[in-house]
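Undergrad: start-v6.txt is reproduced below (compact mmCIF, C-alpha atoms (C1' of nucleotides)).
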```txt
# COMPACT_ATOMS: atom_id res chain seq x y z
CA MET A 1 70.45 -5.95 18.96
CA ARG A 2 70.00 -3.74 21.94
CA ASN A 3 69.70 -0.02 22.29
CA ARG A 4 68.38 0.79 18.86
CA LYS A 5 69.24 4.41 18.48
CA LYS A 6 67.28 5.52 15.46
CA GLY A 7 63.82 4.38 16.40
CA TYR A 8 61.91 1.34 15.37
CA GLY A 9 60.90 -0.26 12.13
CA CYS A 10 57.21 -0.10 12.91
CA PRO A 11 55.55 3.03 14.15
CA GLU A 12 55.40 3.03 17.95
CA GLY A 13 57.78 0.08 18.04
CA CYS A 14 56.64 -3.34 16.97
CA PRO A 15 56.51 -5.65 20.00
CA VAL A 16 58.40 -8.32 18.06
CA GLU A 17 61.28 -5.90 17.72
CA GLY A 18 61.23 -5.23 21.43
CA THR A 19 61.41 -8.92 22.19
CA LEU A 20 64.33 -9.44 19.84
CA ASP A 21 66.06 -6.51 21.48
CA VAL A 22 65.99 -8.41 24.75
CA ILE A 23 66.80 -11.95 23.64
CA GLY A 24 68.59 -11.28 20.37
CA GLY A 25 72.16 -10.74 21.49
CA LYS A 26 74.67 -13.21 20.18
CA TRP A 27 74.69 -15.33 23.32
CA LYS A 28 71.47 -14.42 25.08
CA GLY A 29 69.32 -17.13 23.59
CA VAL A 30 71.70 -19.80 24.75
CA ILE A 31 72.20 -18.24 28.17
CA LEU A 32 68.46 -18.12 28.67
CA PHE A 33 68.12 -21.68 27.45
CA TYR A 34 70.54 -22.90 30.08
CA LEU A 35 68.86 -20.77 32.74
CA LEU A 36 65.55 -22.51 32.09
CA ASP A 37 67.26 -25.50 33.59
CA GLY A 38 68.00 -23.67 36.84
CA THR A 39 70.47 -21.41 38.58
CA LYS A 40 73.97 -21.22 37.13
CA ARG A 41 77.25 -19.81 38.28
CA PHE A 42 79.49 -17.63 36.16
CA ASN A 43 82.04 -20.28 35.35
CA GLU A 44 79.37 -22.86 34.69
CA PHE A 45 78.36 -20.82 31.69
CA ASN A 46 81.92 -20.77 30.52
CA ARG A 47 81.97 -24.54 30.60
CA LEU A 48 78.60 -24.85 28.89
CA MET A 49 79.54 -22.37 26.18
CA PRO A 50 83.17 -23.00 25.28
CA GLY A 51 83.14 -20.26 22.66
CA ILE A 52 82.20 -17.30 24.85
CA THR A 53 84.77 -15.06 26.53
CA LYS A 54 84.38 -13.83 30.07
CA ARG A 55 83.97 -10.35 28.80
CA MET A 56 81.03 -11.21 26.56
CA LEU A 57 79.45 -13.42 29.19
CA SER A 58 79.66 -10.59 31.67
CA LEU A 59 78.21 -8.07 29.24
CA GLN A 60 75.31 -10.22 28.13
CA LEU A 61 74.40 -11.21 31.66
CA LYS A 62 74.53 -7.57 32.70
CA GLU A 63 72.17 -6.58 29.92
CA LEU A 64 69.74 -9.34 30.82
CA GLU A 65 69.92 -8.18 34.40
CA GLU A 66 69.28 -4.56 33.44
CA ASP A 67 66.33 -5.70 31.36
CA GLY A 68 64.81 -7.41 34.39
CA ILE A 69 65.14 -10.91 32.98
CA VAL A 70 67.97 -12.30 35.07
CA HIS A 71 68.65 -12.07 38.80
CA ARG A 72 72.21 -11.83 40.05
CA GLN A 73 72.87 -13.22 43.50
CA VAL A 74 76.23 -12.38 45.06
CA TYR A 75 77.57 -14.35 47.98
CA PRO A 76 80.19 -12.28 49.76
CA GLU A 77 82.68 -15.07 50.22
CA ILE A 78 86.24 -15.70 49.26
CA PRO A 79 86.55 -16.95 46.63
CA PRO A 80 83.58 -15.04 45.24
CA LYS A 81 80.41 -16.87 44.32
CA VAL A 82 77.74 -15.42 42.04
CA GLU A 83 74.61 -17.19 40.95
CA TYR A 84 72.41 -16.25 38.04
CA SER A 85 68.77 -17.19 37.72
CA LEU A 86 65.67 -16.09 35.85
CA THR A 87 63.51 -13.48 37.51
CA GLU A 88 59.81 -14.13 37.83
CA PHE A 89 59.23 -12.10 34.71
CA GLY A 90 62.17 -13.74 32.98
CA ARG A 91 60.41 -17.04 33.34
CA THR A 92 57.65 -15.79 31.07
CA LEU A 93 60.20 -16.22 28.28
CA GLU A 94 60.22 -19.96 28.77
CA PRO A 95 57.61 -20.81 26.11
CA ILE A 96 59.49 -18.75 23.54
CA ILE A 97 62.89 -20.23 24.30
CA SER A 98 61.50 -23.73 24.33
CA LEU A 99 59.76 -23.20 21.02
CA MET A 100 62.93 -21.76 19.56
CA ASN A 101 64.77 -24.84 20.71
CA GLU A 102 62.28 -27.17 19.08
CA TRP A 103 62.12 -25.12 15.93
CA GLY A 104 65.89 -25.10 15.66
CA GLU A 105 65.90 -28.88 15.80
CA ASN A 106 63.27 -29.13 13.11
CA TYR A 107 65.09 -26.60 11.02
CA LYS A 108 68.21 -28.75 11.00
CA GLU A 109 66.14 -31.63 9.65
CA PHE A 110 64.54 -29.33 7.14
CA LEU A 111 67.95 -28.23 5.91
CA LYS A 112 69.12 -31.82 5.49
CA GLU A 113 66.09 -32.75 3.44
CA ASN A 114 66.48 -29.71 1.23
CA LYS A 115 70.21 -29.24 0.91
CA ARG A 116 70.05 -29.68 -2.84
CA GLU A 117 67.29 -27.23 -3.58
CA LEU A 118 68.31 -24.63 -1.01
CA LYS A 119 71.95 -24.55 -2.09
CA MET B 1 73.11 -12.69 13.26
CA ARG B 2 73.59 -14.87 10.25
CA ASN B 3 76.58 -16.80 9.00
CA ARG B 4 78.39 -17.25 12.25
CA LYS B 5 81.91 -17.89 11.19
CA LYS B 6 83.62 -19.12 14.28
CA GLY B 7 81.34 -21.91 15.35
CA TYR B 8 78.64 -22.01 17.94
CA GLY B 9 78.40 -21.29 21.61
CA CYS B 10 77.19 -24.76 22.47
CA PRO B 11 78.95 -27.83 21.19
CA GLU B 12 77.26 -29.08 18.03
CA GLY B 13 75.32 -25.83 17.79
CA CYS B 14 72.51 -25.10 20.19
CA PRO B 15 69.18 -25.13 18.34
CA VAL B 16 68.22 -21.83 19.96
CA GLU B 17 71.23 -20.25 18.31
CA GLY B 18 70.23 -21.66 14.96
CA THR B 19 66.76 -20.19 15.31
CA LEU B 20 68.10 -16.77 16.20
CA ASP B 21 70.38 -16.98 13.20
CA VAL B 22 67.32 -17.21 10.99
CA ILE B 23 64.97 -14.71 12.63
CA GLY B 24 67.42 -12.49 14.47
CA GLY B 25 68.37 -9.96 11.82
CA LYS B 26 67.49 -6.40 12.61
CA TRP B 27 64.32 -6.41 10.49
CA LYS B 28 63.47 -10.07 10.12
CA GLY B 29 61.21 -10.38 13.11
CA VAL B 30 59.04 -7.56 11.88
CA ILE B 31 59.06 -8.77 8.29
CA LEU B 32 57.93 -12.19 9.44
CA PHE B 33 55.31 -10.66 11.67
CA TYR B 34 53.76 -8.85 8.74
CA LEU B 35 53.99 -11.95 6.57
CA LEU B 36 51.89 -13.89 9.06
CA ASP B 37 49.12 -11.62 7.93
CA GLY B 38 49.48 -12.69 4.31
CA THR B 39 51.34 -12.01 1.08
CA LYS B 40 53.06 -8.66 0.77
CA ARG B 41 54.64 -6.74 -2.08
CA PHE B 42 58.02 -5.09 -1.87
CA ASN B 43 56.79 -1.55 -1.48
CA GLU B 44 54.13 -2.60 0.99
CA PHE B 45 56.93 -3.43 3.39
CA ASN B 46 58.43 -0.05 2.82
CA ARG B 47 55.16 1.55 3.85
CA LEU B 48 54.74 -0.73 6.85
CA MET B 49 58.30 -0.16 8.03
CA PRO B 50 59.12 3.50 7.43
CA GLY B 51 62.62 3.10 8.83
CA ILE B 52 63.95 0.43 6.51
CA THR B 53 65.83 1.21 3.30
CA LYS B 54 65.24 -0.67 0.07
CA ARG B 55 68.70 -2.08 0.32
CA MET B 56 68.13 -3.59 3.76
CA LEU B 57 64.68 -4.81 2.86
CA SER B 58 66.09 -6.53 -0.18
CA LEU B 59 68.94 -8.10 1.77
CA GLN B 60 66.81 -9.38 4.61
CA LEU B 61 64.18 -10.81 2.28
CA LYS B 62 66.90 -12.50 0.26
CA GLU B 63 68.33 -14.14 3.37
CA LEU B 64 64.92 -15.34 4.48
CA GLU B 65 64.41 -16.73 0.98
CA GLU B 66 67.77 -18.49 1.03
CA ASP B 67 66.89 -19.96 4.40
CA GLY B 68 63.72 -21.46 2.98
CA ILE B 69 61.39 -19.29 5.07
CA VAL B 70 60.05 -16.91 2.46
CA HIS B 71 58.81 -17.50 -1.07
CA ARG B 72 59.40 -14.89 -3.74
CA GLN B 73 56.90 -14.79 -6.58
CA VAL B 74 57.83 -12.69 -9.59
CA TYR B 75 55.22 -11.57 -12.09
CA PRO B 76 56.92 -10.65 -15.36
CA GLU B 77 54.94 -7.51 -15.99
CA ILE B 78 55.72 -3.89 -16.51
CA PRO B 79 55.85 -2.32 -14.03
CA PRO B 80 57.33 -5.26 -12.14
CA LYS B 81 55.34 -7.01 -9.44
CA VAL B 82 56.88 -9.22 -6.80
CA GLU B 83 55.03 -10.89 -3.98
CA TYR B 84 56.53 -12.30 -0.81
CA SER B 85 54.91 -14.97 1.31
CA LEU B 86 55.85 -17.55 3.92
CA THR B 87 56.80 -20.98 2.66
CA GLU B 88 55.11 -23.99 4.16
CA PHE B 89 58.04 -24.42 6.49
CA GLY B 90 58.17 -20.72 7.16
CA ARG B 91 54.68 -20.95 8.58
CA THR B 92 56.01 -23.19 11.35
CA LEU B 93 57.52 -20.00 12.76
CA GLU B 94 54.08 -18.58 13.43
CA PRO B 95 53.80 -19.70 17.08
CA ILE B 96 57.18 -18.19 17.85
CA ILE B 97 56.50 -14.86 16.18
CA SER B 98 53.07 -14.63 17.78
CA LEU B 99 54.49 -15.37 21.19
CA MET B 100 57.22 -12.81 20.66
CA ASN B 101 54.57 -10.28 19.78
CA GLU B 102 52.57 -10.99 22.95
CA TRP B 103 55.64 -11.06 25.10
CA GLY B 104 56.80 -7.74 23.70
CA GLU B 105 53.47 -6.20 24.68
CA ASN B 106 53.71 -7.60 28.18
CA TYR B 107 57.28 -6.45 28.44
CA LYS B 108 56.27 -2.86 27.76
CA GLU B 109 53.82 -3.06 30.63
CA PHE B 110 56.45 -4.66 32.80
CA LEU B 111 58.85 -1.82 32.06
CA LYS B 112 56.25 0.80 32.97
CA GLU B 113 55.51 -0.83 36.30
CA ASN B 114 59.18 -1.13 37.15
CA LYS B 115 60.72 1.98 35.71
CA ARG B 116 61.88 3.09 39.12
CA GLU B 117 63.59 -0.07 40.22
CA LEU B 118 65.00 -0.98 36.82
CA LYS B 119 66.50 2.45 36.20
C1' DC C 1 86.24 -17.14 41.25
C1' DA C 2 84.21 -13.55 38.83
C1' DG C 3 84.93 -10.16 36.77
C1' DG C 4 87.06 -5.20 34.67
C1' DA C 5 90.08 -2.34 31.41
C1' DT C 6 91.96 -1.69 26.77
C1' DC C 7 92.50 -2.08 22.23
C1' DC C 8 91.08 -3.56 17.79
C1' DT C 9 88.60 -5.46 13.68
C1' DG C 10 84.95 -7.04 10.50
C1' DG C 11 80.73 -6.84 9.01
C1' DA C 12 76.04 -5.21 9.82
C1' DC C 13 73.79 -1.43 8.65
C1' DG C 14 72.84 3.15 6.44
C1' DA C 15 72.82 7.07 2.65
C1' DT C 16 72.65 7.99 -1.81
C1' DA C 17 72.46 7.42 -6.68
C1' DC C 18 71.28 4.69 -10.52
C1' DT C 19 68.41 1.08 -13.55
C1' DG C 20 65.44 -2.43 -16.35
C1' DC D 1 57.90 -0.96 -9.25
C1' DA D 2 61.47 -3.43 -7.40
C1' DG D 3 65.37 -3.56 -6.95
C1' DT D 4 71.41 -2.96 -7.52
C1' DA D 5 75.82 -0.62 -6.95
C1' DT D 6 78.99 2.12 -4.16
C1' DC D 7 80.74 4.01 -0.42
C1' DG D 8 81.10 5.03 4.32
C1' DT D 9 80.27 4.51 9.44
C1' DC D 10 79.91 2.46 13.70
C1' DC D 11 79.74 -0.66 17.22
C1' DA D 12 78.95 -5.58 18.62
C1' DG D 13 81.91 -8.75 19.52
C1' DG D 14 86.67 -10.70 20.26
C1' DA D 15 91.77 -11.01 22.15
C1' DT D 16 94.47 -10.11 25.76
C1' DC D 17 95.97 -8.75 30.16
C1' DC D 18 94.92 -7.26 34.90
C1' DT D 19 92.54 -7.52 39.78
C1' DG D 20 89.92 -7.84 44.46
```
Take the structure I supplied and represent it as structure tokens, if you would.
TA:
Amino acid sequence: MRNRKKGYGCPEGCPVEGTLDVIGGKWKGVILFYLLDGTKRFNEFNRLMPGITKRMLSLQLKELEEDGIVHRQVYPEIPPKVEYSLTEFGRTLEPIISLMNEWGENYKEFLKENKRELK
Amino acid sequence: MRNRKKGYGCPEGCPVEGTLDVIGGKWKGVILFYLLDGTKRFNEFNRLMPGITKRMLSLQLKELEEDGIVHRQVYPEIPPKVEYSLTEFGRTLEPIISLMNEWGENYKEFLKENKRELK
DNA sequence: CAGGATCCTGGACGATACTG
DNA sequence: CAGTATCGTCCAGGATCCTG
């Protein structure tokens, strides 16, 4: 979703597009959801999201960091320790992520009730 | 974003992921944003989103329809007339889309203020 | 522990032409 | 007007192995 190369769908770039650019990666929504809960270490994410590879986790976290959403705190120890948290601005995403969480729940119910009609 | 084939990042499928599956296509956010404003015809979208092709518009609308978010009303006339609108359930997305729109605006400001630090 | 480096594949997306 | 049908590209995402 990031780095659209050929411009935007709306003239001047629709803000909704911009938002989806930031949170729309395959794992970013979930990462952000877990970060609402507080600081997390690299391997904690791996445990929380069994499907993700280290490579993807690293990439998505790096993008969120570059976008100013996530703060990366390195503790120069051995073994290494790195903590990820939301930046101040990243926290402004909380209402959106929370709403998306609620909506996702409701959507599951909606699908159950309509599985016949909606094939 | 749709039809994840290899399961979900969180066990049992994180609701946030499910939501992004529905609204996370390249054009869906914008399409939904314009639909908040009211019913739209096929070519109206084309005018509103100069970048999209008919093929992509058709595909994304079809997915939103299959997901129960968008209603497609066909008027059997010549020339054809088709109107797209949000379903009742689709309208429950309004708070999310609106928030994403606001957040996107704020994010642009945020980027301006921090263009030095955030490279 | 927290990643980086490589290699590879499928499917999202696009360009273009055609149609009822 | 509102799409479909083909064909082609490209890169997000994954598998695997390596490292300070």
Undergrad: Taking all atoms listed in the file into account, what are the residues of chain B at most 6 Å from chain A, put as a compact mmCIF listing (two decimals) with C-alpha atoms, keeping the file's coordinate frame?
TA:
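result_7.txt was written with the following content:
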```txt
# COMPACT_ATOMS: atom_id res chain seq x y z
CA GLY B 9 78.40 -21.29 21.61
CA CYS B 10 77.19 -24.76 22.47
CA PRO B 15 69.18 -25.13 18.34
CA VAL B 16 68.22 -21.83 19.96
CA GLY B 18 70.23 -21.66 14.96
CA THR B 19 66.76 -20.19 15.31
CA MET B 49 58.30 -0.16 8.03
CA GLY B 51 62.62 3.10 8.83
CA MET B 100 57.22 -12.81 20.66
CA ASN B 101 54.57 -10.28 19.78
CA GLY B 104 56.80 -7.74 23.70
CA GLU B 105 53.47 -6.20 24.68
```
Undergrad: Please determine the contact residues of chain C with respect to chain A at a cut-off of 10 Å, counting all atoms listed in the file, and supply them as a list of chain:residue names.
TA: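 Listed by rising number, the hits are C:DC1, C:DA2, C:DG3, C:DG4.
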Undergrad: Next, write the just-selected residues to a file, as a CSV table (one decimal), in the frame of the given file, keeping C-alpha atoms (C1' of nucleotides) as the atom set.
TA:
```csv
chain,number,residue,atom,x,y,z
C,1,DC,C1',86.2,-17.1,41.2
C,2,DA,C1',84.2,-13.6,38.8
C,3,DG,C1',84.9,-10.2,36.8
C,4,DG,C1',87.1,-5.2,34.7
```
Undergrad: So how many Å separate CA of Gly38 (chain A) and CA of Gln73 (chain A), to one decimal?
TA: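 Distance reported for this atom pair: 13.3 Å.
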Undergrad: Could you tell me how far CA of Ser85 (chain A) lies from CA of Arg72 (chain A), in Å and to one decimal?
TA: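 The value is 6.8 Å.
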Undergrad: Would you compute the distance between CA of Glu94 (chain A) and CA of Leu64 (chain B)? Give it in Å to one decimal.
TA: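 Result for CA of Glu94 (chain A) versus CA of Leu64 (chain B): 25.2 Å, one decimal.
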Undergrad: Counting all atoms listed in the file, which residues of chain D come no farther than 10 Å from chain A, as number ranges by chain?
TA: D: 12-15, 20
